[in-house]
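Here the structure is laid out as structure tokens; the discussion comes afterwards.
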Amino acid sequence: MSLLELKNVSKIYGTLRALDHVNMRVEAGEWVSIMGPSGSGKSTMMNIIGCLDKASEGEVLLDGTLICAETADRLTEIRRDKIGLIFQQFHLIQYLTAVENVMVAQYYHSMPDEKEALEALARVGLKDRAHHLPSQMSGGEQQRVCVARALINYPKILLADEPTGNLDEANERIVVELFKKLHEEGTTLIIVTHDPEVAEVAQRTVVLRDGRLVKETVNENFTGVMKHRKVE
Amino acid sequence: MFLRLVRGAFLRQWKKMLMIGVTVALGASLATAMLNVMMDVGDKVNQELKAYGANITVVPKSTAVISDLYEVEGGISEGAYLREDELGRIKTIFWAFNIVDFAPLLDTEVTLPDGSTVTAVGSWYNHHLSLPTGEELDTGLPALRAWWTVTEGAWIDEQARSGDEAPACMVGALLAERMSLHAGDTLTMKGTHGEETCVIAAVFDAGAEEDGMIFCPLDVAQRLSGTEGLLTSMEVSALTTPDNDLARKAQRQGPESLSVADYETWYCTAYVSSICFQIQEVITDAVASPVRQVAESEGAIMEKTELLMILITVLALIGAALGITNLVTASVMERSGEIGLMKAIGATNARISALIIAEVLMTGILGGAAGYLAGFGFAQIIGHTVFSSGVEMKPMVIPIVAVLVVIMTLAGSLPAIRFLLQLRPTEVLHGR
Ligand SMILES: Nc1ncnc2c1ncn2[C@@H]1O[C@H](COP(=O)(O)OP(=O)(O)OP(=O)(O)O)[C@@H](O)[C@H]1O
Ligand SMILES: [Mg+2]
């Protein structure tokens with residue numbers, strides 16, 4: 001059984017079909033990129049997979065649970081237990097330090113554990129910035145805190161919606177390196193991106209257009225390593 | 001973690017939190033002031049109203065019957081008297097401590113040197129009484145005639161008079177004018193049984209028929225009319241509880257009609273009717289009755305005052321709750337990004353609501369405590385300006401105000417909670 005399965009999923013806003021009969025499967029441990037022009041429904045799809053929103057039609061199976069049938073509070077629990085989320089805007093709580101931001105996720109999941117939170121920050125290379133406030137960190141560092149927070153509760157799937165959209169190339173590379181490490185450790189990754197270079201490091205790329213799934217390419221020589229960009 | 005989140009919110013939104021605290025404090029202070037005054041004021045308003053004179057009159061039974069039959073105000077029949085030596089007993093009744101003041105009255109006709117006939121009233125002024133219980137007290141008319149203005153001289157001082165000095169008297173303003181009498185003059189009165197010469201201690205202006213009368217010590221009037229040891233009526237000023245249904249029933253149907261338990265309650269409550277009843281128990285052949293208008297309007301004024309205060313309190317609390325509603329909603333809206341994020345990383349609605357409520361309640365309790373102290377101060381100011389005395393601290397007010405503060409803050413947070421329940425993380429997280 002697949003870890004995630006979308007069957008004929010549609011999302012309708014008024015007259016607009018933001019998602020139009022989308023079918024997709026993601027196996028455990030896979031690394032999938034989602035691409036598509038602006039407004040094609042990428043974020044809509046991520047929200048549905050991430051239990052932040054419900055599909056208007058169709059079925060979504062996540063780890064064997066039919067999530068379209070659940071109540072809002074149940075969805076929150078499923079999200080908390082199975083999904084790690086990363087956004088384009090970093091979304092950290094401004095008055096908490098890096099380590100405290102990670103601990104909030106632990107707190108709402110089970111129990112805050114500062115030692116574990118510090119280890120998670122060490123994994124994303126922010127050991128010495130653990131007690132800084134978000135305002136005292138660069139964008140790349142903030143996004144790495146978000147990665148640490150997304151991973152802290154050992155999610156089955158890591159969902160990232162344009163995680164590198166606000167980052168420069170160096171930071172983008174660091175974050176992609178992190179994804180690769182996570183992939184090697186067995187985490188399932190679904191990453192929305194506009195950037196073909198970020199997309200093509202994944203095992204598989206899915207392209208959306210006007211809410212439809214129009215193209216799917218498999219990366220034959222998958223290495224998980226970003227190619228060097230040509231410098232103009 | 002919870003504490004860190006709360007602390008963080010406080011540090012970041014301290015201005016809003018301060019405003020919420022101040023709003024709660026305002027509401028709580030008004031509630032405290034009003035409740036304190038309301039609970040303490042019962043006696044105070046009553047005491048204040050006592051300035052308007054006696055609220056119970058006692059007359060001999062036969063007089064009462066006649067005046068009831070013919071509705072003659074103050075109709076006096078021959079030979080109907082109360083006994084002076086029984087007066088002290090009034091301070092032995094169950095509600096003795098509620099008897100603020102009392103004075104006997106003895107009316108008699110006297111002829112003045114110019115041949116005119118006027119009424120002389122004998123009474124006590126600052127009469128010293130040693131009760132059989134061993135209690136000592138001074139009582140008399142001044143407190144029962146607080147609205148009189150003494151235009152010349154001073155109230156009769158019975159205790160200052162030594163054995164062979166001429167007794168003092170007070171002359172009404174009209175009479176004084178007619179006969180050009182002044183304080184310090186002497187006046188000879190001829191009664192049915194004798195003649196007395198008094199020194200005029202004061203001229204008073206009562207604004208009533210008493211302005212044509214002479215007031216003298218009780219013993220002088222008794223000698224003039226040959227009624228030693230007797231009096232025609234008595235006025236009593238007592239602190240009373242406003243009448244309720246039980247009191248009205250007792251008054252309408254007589255205390256005998258009450259059940260044993262009701263009777264006990266009635267007897268042991270300071271209704272004007274039960275005080276009257278107890279006065280009749282100790283004074284032979286007497287009828288004690290409330291001075292209607294005064295007694296009833298007292299109760300009505302009390303009820304109206306309390307109603308007004310309750311109204312002010314309720315309005316203040318509603319106002320504060322509305323203020324809190326605005327502030328809390330604004331604070332939650334300002335943090336919608338943060339709240340959406342918490343939801344996204346797995347916080348349930350219940351936990352976020354708990355966080356917000358905890359913050360608001362903490363602010364509310366601090367504000368409430370400050371408001372209680374301020375309100376207690378207000379109560380003192382009200383007490384001093386309106387009743388010229390401090391207001392006692394009523395412990396009952398603390399739990400009531402605490403409950404009101406909690407209700408007020410919770411009610412004020414409801415719209416904010418509704419907002420955060422409806423807040424969908426997708427709306428804030430993608431910057432739409
Ligand atoms: N809450 C909503 N109400 C109405 N329309 C919406 C809502 N959310 C999204 N849409 C519409 O659905 C379509 C898909 O939006 P979505 O955010 O999924 O696009 P996207 O692929 O993520 O675009 P981008 O690359 O710009 O982030 C858009 O046309 C958008 O206007
Ligand atoms: Mg998007």
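Here's how to read the names in the structure tokens: chain A, B, ... by the order shown, residue numbers from 1 in each chain, ligand numbers from 1 in the order shown.
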### Task
Enumerate as a ChimeraX atom specification all residues of region 16-167 of chain A assigned to strand (DSSP E or B) by DSSP on the backbone, naming them with the chain letters and numbers the document uses.
/A:16-26,31-35,57-62,65-66,83-86,157-161
### Query
Quick one: which residues from chain A are at most 6 Å off chain B, using only C-alpha atoms, as a VMD selection string?
chain A and resid 76 80 95 105 108
### Task
Mind the document's chain letters and residue numbers, and return as JSON, numbers by chain the residues of region 163-353 of chain B that DSSP labels alpha helix (DSSP H).
{"B": [173, 174, 175, 176, 177, 178, 218, 219, 220, 221, 222, 223, 224, 225, 245, 246, 247, 248, 249, 250, 251, 252, 253, 260, 261, 262, 263, 264, 265, 266, 267, 272, 273, 274, 275, 276, 277, 278, 279, 280, 281, 282, 292, 293, 294, 295, 296, 297, 298, 299, 300, 301, 302, 303, 304, 305, 306, 307, 308, 309, 310, 311, 312, 313, 314, 315, 316, 317, 318, 319, 320, 321, 322, 323, 324, 325, 326, 327, 328, 329, 330, 331, 332, 333, 334, 336, 337, 338, 339, 340, 341, 342, 343, 344, 349, 350, 351, 352, 353]}
Go ahead and save the residues from that selection, with C-alpha atoms, as a compact mmCIF listing (two decimals), in the first residue's frame.
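As a result, again_34.txt now contains:
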# COMPACT_ATOMS: atom_id res chain seq x y z
CA ALA B 173 -40.59 81.83 66.16
CA LEU B 174 -44.17 83.03 65.53
CA LEU B 175 -44.99 83.29 69.20
CA ALA B 176 -41.69 85.00 69.93
CA GLU B 177 -42.39 87.56 67.26
CA ARG B 178 -45.95 88.19 68.40
CA LEU B 218 -41.38 67.45 80.93
CA ASP B 219 -41.58 68.06 84.66
CA VAL B 220 -42.60 71.69 84.11
CA ALA B 221 -45.49 70.68 81.86
CA GLN B 222 -46.51 67.98 84.33
CA ARG B 223 -46.71 70.50 87.18
CA LEU B 224 -48.66 72.94 85.02
CA SER B 225 -51.31 70.37 84.19
CA ASP B 245 -43.99 40.56 52.15
CA LEU B 246 -43.64 38.95 55.56
CA ALA B 247 -43.64 42.34 57.30
CA ARG B 248 -46.65 43.48 55.32
CA LYS B 249 -48.53 40.30 56.13
CA ALA B 250 -47.78 40.71 59.83
CA GLN B 251 -48.96 44.27 59.68
CA ARG B 252 -52.14 43.52 57.76
CA GLN B 253 -53.29 40.40 59.58
CA VAL B 260 -44.34 29.87 64.36
CA ALA B 261 -41.31 29.98 62.09
CA ASP B 262 -42.51 33.11 60.31
CA TYR B 263 -43.26 34.73 63.62
CA GLU B 264 -39.72 34.02 64.81
CA THR B 265 -38.28 35.50 61.65
CA TRP B 266 -40.53 38.52 61.84
CA TYR B 267 -39.88 39.11 65.54
CA VAL B 272 -40.85 48.70 61.88
CA SER B 273 -43.89 46.56 62.70
CA SER B 274 -41.98 44.12 64.87
CA ILE B 275 -40.28 46.98 66.73
CA CYS B 276 -43.71 48.55 67.31
CA PHE B 277 -45.00 45.22 68.55
CA GLN B 278 -42.11 44.90 70.98
CA ILE B 279 -42.65 48.45 72.26
CA GLN B 280 -46.28 47.61 72.98
CA GLU B 281 -45.13 44.57 74.91
CA VAL B 282 -43.18 46.69 77.41
CA ARG B 292 -46.43 55.92 57.74
CA GLN B 293 -45.02 58.22 55.11
CA VAL B 294 -41.57 58.33 56.59
CA ALA B 295 -41.31 54.62 57.29
CA GLU B 296 -42.53 53.64 53.87
CA SER B 297 -40.62 56.16 51.88
CA GLU B 298 -37.47 55.09 53.70
CA GLY B 299 -37.93 51.57 52.42
CA ALA B 300 -38.75 52.84 48.96
CA ILE B 301 -35.74 55.13 48.87
CA MET B 302 -33.54 52.27 49.99
CA GLU B 303 -34.90 50.01 47.30
CA LYS B 304 -34.49 52.68 44.65
CA THR B 305 -30.97 53.47 45.75
CA GLU B 306 -30.05 49.81 45.61
CA LEU B 307 -31.67 49.43 42.22
CA LEU B 308 -29.72 52.39 40.93
CA MET B 309 -26.48 50.98 42.26
CA ILE B 310 -27.15 47.57 40.78
CA LEU B 311 -27.92 49.25 37.48
CA ILE B 312 -24.68 51.22 37.57
CA THR B 313 -22.74 48.08 38.42
CA VAL B 314 -24.34 46.06 35.64
CA LEU B 315 -23.77 48.84 33.10
CA ALA B 316 -20.18 49.24 34.22
CA LEU B 317 -19.59 45.52 33.86
CA ILE B 318 -21.21 45.40 30.43
CA GLY B 319 -19.14 48.38 29.36
CA ALA B 320 -15.98 46.73 30.60
CA ALA B 321 -16.90 43.46 28.90
CA LEU B 322 -17.40 45.30 25.61
CA GLY B 323 -14.04 47.01 26.02
CA ILE B 324 -12.40 43.68 26.74
CA THR B 325 -14.12 42.15 23.73
CA ASN B 326 -12.54 44.74 21.46
CA LEU B 327 -9.12 44.44 22.99
CA VAL B 328 -8.98 40.66 23.10
CA THR B 329 -10.31 40.35 19.57
CA ALA B 330 -7.74 42.86 18.34
CA SER B 331 -5.00 41.01 20.19
CA VAL B 332 -6.02 37.65 18.71
CA MET B 333 -6.34 39.10 15.22
CA GLU B 334 -2.91 40.62 15.50
CA SER B 336 -3.59 35.29 13.68
CA GLY B 337 -0.37 34.31 11.91
CA GLU B 338 1.02 32.82 15.05
CA ILE B 339 -2.25 31.10 15.87
CA GLY B 340 -2.53 29.68 12.35
CA LEU B 341 0.99 28.38 12.68
CA MET B 342 0.22 26.72 16.01
CA LYS B 343 -2.77 25.03 14.43
CA ALA B 344 -0.60 23.91 11.50
CA ASN B 349 -8.61 24.56 19.02
CA ALA B 350 -9.04 23.68 22.68
CA ARG B 351 -5.37 24.22 23.48
CA ILE B 352 -5.14 27.53 21.68
CA SER B 353 -8.35 28.71 23.32
Kindly provide the residues of chain A that approach ligand 2 to within 9 Å, each paired with its closest atom pair and their distance in Å to one decimal, based on only C-alpha atoms and all ligand atoms, listed by chain and increasing number, as JSON lines.
{"residue": "A:Ser38", "atom": "CA", "partner": "ligand 2", "partner_atom_place_in_ligand_line": "1 (Mg)", "distance": 6.9}
{"residue": "A:Gly39", "atom": "CA", "partner": "ligand 2", "partner_atom_place_in_ligand_line": "1 (Mg)", "distance": 7.0}
{"residue": "A:Ser40", "atom": "CA", "partner": "ligand 2", "partner_atom_place_in_ligand_line": "1 (Mg)", "distance": 8.3}
{"residue": "A:Gly41", "atom": "CA", "partner": "ligand 2", "partner_atom_place_in_ligand_line": "1 (Mg)", "distance": 7.1}
{"residue": "A:Lys42", "atom": "CA", "partner": "ligand 2", "partner_atom_place_in_ligand_line": "1 (Mg)", "distance": 5.6}
{"residue": "A:Ser43", "atom": "CA", "partner": "ligand 2", "partner_atom_place_in_ligand_line": "1 (Mg)", "distance": 4.1}
{"residue": "A:Thr44", "atom": "CA", "partner": "ligand 2", "partner_atom_place_in_ligand_line": "1 (Mg)", "distance": 7.2}
{"residue": "A:Met46", "atom": "CA", "partner": "ligand 2", "partner_atom_place_in_ligand_line": "1 (Mg)", "distance": 8.6}
{"residue": "A:Gln88", "atom": "CA", "partner": "ligand 2", "partner_atom_place_in_ligand_line": "1 (Mg)", "distance": 8.6}
{"residue": "A:Asp161", "atom": "CA", "partner": "ligand 2", "partner_atom_place_in_ligand_line": "1 (Mg)", "distance": 6.7}
{"residue": "A:Glu162", "atom": "CA", "partner": "ligand 2", "partner_atom_place_in_ligand_line": "1 (Mg)", "distance": 7.4}
{"residue": "A:Val192", "atom": "CA", "partner": "ligand 2", "partner_atom_place_in_ligand_line": "1 (Mg)", "distance": 8.0}
{"residue": "A:Thr193", "atom": "CA", "partner": "ligand 2", "partner_atom_place_in_ligand_line": "1 (Mg)", "distance": 8.9}
How about saving the chosen residues, N, CA, C and O atoms kept, as an mmCIF file, in the first residue's frame?
data_model
loop_
_atom_site.group_PDB
_atom_site.id
_atom_site.type_symbol
_atom_site.label_atom_id
_atom_site.label_comp_id
_atom_site.auth_asym_id
_atom_site.auth_seq_id
_atom_site.Cartn_x
_atom_site.Cartn_y
_atom_site.Cartn_z
ATOM 1 N N SER A 38 2.273 29.568 -11.570
ATOM 2 C CA SER A 38 1.560 30.152 -10.446
ATOM 3 C C SER A 38 0.057 29.981 -10.647
ATOM 4 O O SER A 38 -0.452 30.153 -11.749
ATOM 5 N N GLY A 39 -0.642 29.608 -9.584
ATOM 6 C CA GLY A 39 -2.094 29.429 -9.664
ATOM 7 C C GLY A 39 -2.506 28.082 -10.191
ATOM 8 O O GLY A 39 -3.686 27.827 -10.419
ATOM 9 N N SER A 40 -1.548 27.167 -10.369
ATOM 10 C CA SER A 40 -1.894 25.878 -10.958
ATOM 11 C C SER A 40 -2.451 24.899 -9.919
ATOM 12 O O SER A 40 -2.937 23.832 -10.268
ATOM 13 N N GLY A 41 -2.391 25.265 -8.658
ATOM 14 C CA GLY A 41 -3.002 24.406 -7.641
ATOM 15 C C GLY A 41 -2.019 23.657 -6.766
ATOM 16 O O GLY A 41 -2.404 22.784 -5.998
ATOM 17 N N LYS A 42 -0.768 24.053 -6.811
ATOM 18 C CA LYS A 42 0.245 23.334 -6.026
ATOM 19 C C LYS A 42 -0.011 23.464 -4.523
ATOM 20 O O LYS A 42 -0.034 22.472 -3.788
ATOM 21 N N SER A 43 -0.183 24.720 -4.107
ATOM 22 C CA SER A 43 -0.412 24.926 -2.670
ATOM 23 C C SER A 43 -1.717 24.281 -2.234
ATOM 24 O O SER A 43 -1.810 23.706 -1.141
ATOM 25 N N THR A 44 -2.712 24.347 -3.116
ATOM 26 C CA THR A 44 -3.993 23.722 -2.791
ATOM 27 C C THR A 44 -3.794 22.235 -2.524
ATOM 28 O O THR A 44 -4.316 21.680 -1.558
ATOM 29 N N MET A 46 -1.004 20.728 -1.634
ATOM 30 C CA MET A 46 -0.224 20.533 -0.405
ATOM 31 C C MET A 46 -1.119 20.675 0.824
ATOM 32 O O MET A 46 -0.982 19.935 1.796
ATOM 33 N N GLN A 88 6.958 28.717 2.571
ATOM 34 C CA GLN A 88 7.846 29.668 1.913
ATOM 35 C C GLN A 88 8.225 30.799 2.872
ATOM 36 O O GLN A 88 9.395 31.109 3.049
ATOM 37 N N ASP A 161 6.293 23.717 0.962
ATOM 38 C CA ASP A 161 5.709 24.534 -0.103
ATOM 39 C C ASP A 161 6.664 25.675 -0.424
ATOM 40 O O ASP A 161 6.762 26.636 0.328
ATOM 41 N N GLU A 162 7.392 25.516 -1.521
ATOM 42 C CA GLU A 162 8.413 26.491 -1.928
ATOM 43 C C GLU A 162 9.358 26.848 -0.795
ATOM 44 O O GLU A 162 9.502 28.005 -0.437
ATOM 45 N N VAL A 192 7.183 21.349 -3.162
ATOM 46 C CA VAL A 192 6.703 22.220 -4.227
ATOM 47 C C VAL A 192 7.801 23.224 -4.542
ATOM 48 O O VAL A 192 8.389 23.799 -3.634
ATOM 49 N N THR A 193 8.071 23.401 -5.822
ATOM 50 C CA THR A 193 9.086 24.397 -6.149
ATOM 51 C C THR A 193 8.881 24.961 -7.546
ATOM 52 O O THR A 193 8.313 24.330 -8.426
#
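In this model, the gap between CA of Asn101 (chain A) and CA of Leu121 (chain A) comes to 10.6 Å.
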#### Entry: For atom 11 (C, counted along the ligand's line) of ligand 1 and CA of Tyr13 (chain A), the interatomic separation in Å (one decimal)
6.8 Å
### Task
Name all residues at most 8 Å from region 30-37 of chain A (count only C-alpha atoms; drop same-chain ones fewer than 6 positions away) and give them as a PyMOL selection string.
chain A and resi 183+187-194+199-200+202-209
Take the residues from that selection and write them out as a PDB file, in the first residue's frame, keeping N, CA and C atoms.
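Okay, this is what ended up in part-v1.pdb:
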ATOM      1  N   HIS A 183      16.202  12.302   3.109  1.00  0.00           N
ATOM      2  CA  HIS A 183      15.779  11.254   2.190  1.00  0.00           C
ATOM      3  C   HIS A 183      16.580   9.986   2.449  1.00  0.00           C
ATOM      4  N   THR A 187      13.015   9.521   5.141  1.00  0.00           N
ATOM      5  CA  THR A 187      11.838  10.388   5.208  1.00  0.00           C
ATOM      6  C   THR A 187      11.226  10.550   3.825  1.00  0.00           C
ATOM      7  N   THR A 188       9.898  10.540   3.774  1.00  0.00           N
ATOM      8  CA  THR A 188       9.197  10.807   2.527  1.00  0.00           C
ATOM      9  C   THR A 188       9.115  12.311   2.340  1.00  0.00           C
ATOM     10  N   LEU A 189       9.476  12.802   1.142  1.00  0.00           N
ATOM     11  CA  LEU A 189       9.502  14.243   0.915  1.00  0.00           C
ATOM     12  C   LEU A 189       8.598  14.608  -0.246  1.00  0.00           C
ATOM     13  N   ILE A 190       7.742  15.609  -0.043  1.00  0.00           N
ATOM     14  CA  ILE A 190       6.998  16.179  -1.162  1.00  0.00           C
ATOM     15  C   ILE A 190       7.290  17.658  -1.156  1.00  0.00           C
ATOM     16  N   ILE A 191       7.901  18.130  -2.232  1.00  0.00           N
ATOM     17  CA  ILE A 191       8.390  19.495  -2.231  1.00  0.00           C
ATOM     18  C   ILE A 191       7.874  20.257  -3.442  1.00  0.00           C
ATOM     19  N   VAL A 192       7.183  21.349  -3.162  1.00  0.00           N
ATOM     20  CA  VAL A 192       6.703  22.220  -4.227  1.00  0.00           C
ATOM     21  C   VAL A 192       7.801  23.224  -4.542  1.00  0.00           C
ATOM     22  N   THR A 193       8.071  23.401  -5.822  1.00  0.00           N
ATOM     23  CA  THR A 193       9.086  24.397  -6.149  1.00  0.00           C
ATOM     24  C   THR A 193       8.881  24.961  -7.546  1.00  0.00           C
ATOM     25  N   HIS A 194       9.311  26.180  -7.722  1.00  0.00           N
ATOM     26  CA  HIS A 194       9.337  26.807  -9.037  1.00  0.00           C
ATOM     27  C   HIS A 194      10.671  26.568  -9.714  1.00  0.00           C
ATOM     28  N   ALA A 199      13.895  21.058  -8.329  1.00  0.00           N
ATOM     29  CA  ALA A 199      12.988  19.972  -8.677  1.00  0.00           C
ATOM     30  C   ALA A 199      13.731  18.736  -9.165  1.00  0.00           C
ATOM     31  N   GLU A 200      14.745  18.981  -9.949  1.00  0.00           N
ATOM     32  CA  GLU A 200      15.314  17.808 -10.623  1.00  0.00           C
ATOM     33  C   GLU A 200      16.220  16.947  -9.740  1.00  0.00           C
ATOM     34  N   ALA A 202      15.024  15.602  -7.214  1.00  0.00           N
ATOM     35  CA  ALA A 202      14.121  14.598  -6.641  1.00  0.00           C
ATOM     36  C   ALA A 202      14.074  13.359  -7.513  1.00  0.00           C
ATOM     37  N   GLN A 203      13.450  12.290  -6.988  1.00  0.00           N
ATOM     38  CA  GLN A 203      13.363  11.057  -7.753  1.00  0.00           C
ATOM     39  C   GLN A 203      12.337  11.186  -8.851  1.00  0.00           C
ATOM     40  N   ARG A 204      11.314  12.041  -8.598  1.00  0.00           N
ATOM     41  CA  ARG A 204      10.187  12.105  -9.503  1.00  0.00           C
ATOM     42  C   ARG A 204       9.672  13.531  -9.480  1.00  0.00           C
ATOM     43  N   THR A 205       9.260  14.042 -10.640  1.00  0.00           N
ATOM     44  CA  THR A 205       8.706  15.392 -10.697  1.00  0.00           C
ATOM     45  C   THR A 205       7.312  15.326 -11.291  1.00  0.00           C
ATOM     46  N   VAL A 206       6.382  15.987 -10.641  1.00  0.00           N
ATOM     47  CA  VAL A 206       4.995  16.010 -11.091  1.00  0.00           C
ATOM     48  C   VAL A 206       4.693  17.446 -11.495  1.00  0.00           C
ATOM     49  N   VAL A 207       4.052  17.640 -12.654  1.00  0.00           N
ATOM     50  CA  VAL A 207       3.746  19.002 -13.092  1.00  0.00           C
ATOM     51  C   VAL A 207       2.242  19.211 -13.124  1.00  0.00           C
ATOM     52  N   LEU A 208       1.814  20.304 -12.507  1.00  0.00           N
ATOM     53  CA  LEU A 208       0.398  20.667 -12.499  1.00  0.00           C
ATOM     54  C   LEU A 208       0.196  21.846 -13.433  1.00  0.00           C
ATOM     55  N   ARG A 209      -0.969  21.865 -14.106  1.00  0.00           N
ATOM     56  CA  ARG A 209      -1.359  23.053 -14.864  1.00  0.00           C
ATOM     57  C   ARG A 209      -2.874  23.180 -14.769  1.00  0.00           C
TER      58      ARG A 209
END
### Task
Rounded to one decimal place, report the CA of Asn98 (chain B)-CA of Asp85 (chain B) distance in Å.
20.9 Å
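Close contacts of Ala80 (chain B), defined as residues with an atom at most 8 Å away when counting only C-alpha atoms, with chain neighbours fewer than 6 positions off set aside, comprise B:Pro60, B:Lys61, B:Ser62, B:Thr63, B:Thr232.
Each of A:Ile83, A:Ala18, A:Leu151, A:Leu213 was checked against ligand 1 using only C-alpha atoms and all ligand atoms; the smallest atom-to-atom distance is that of A:Ala18.
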Can I get the residues of region 167-218 of chain A within 9 Å of region 133-148 of chain A, each with the closest pair of atoms and their distance in Å to one decimal, using only C-alpha atoms, sorted chain first then ascending number, as CSV?
residue,atom,partner,partner_atom,distance
A:Leu167,CA,A:Gly140,CA,6.1
A:Asp168,CA,A:Gly140,CA,7.9
A:Ala170,CA,A:Gly140,CA,8.6
A:Asn171,CA,A:Gly140,CA,5.2
A:Glu172,CA,A:Gly140,CA,7.6
A:Ile174,CA,A:Gly140,CA,8.3
A:Val175,CA,A:Arg144,CA,6.9
A:Leu178,CA,A:Val147,CA,8.5
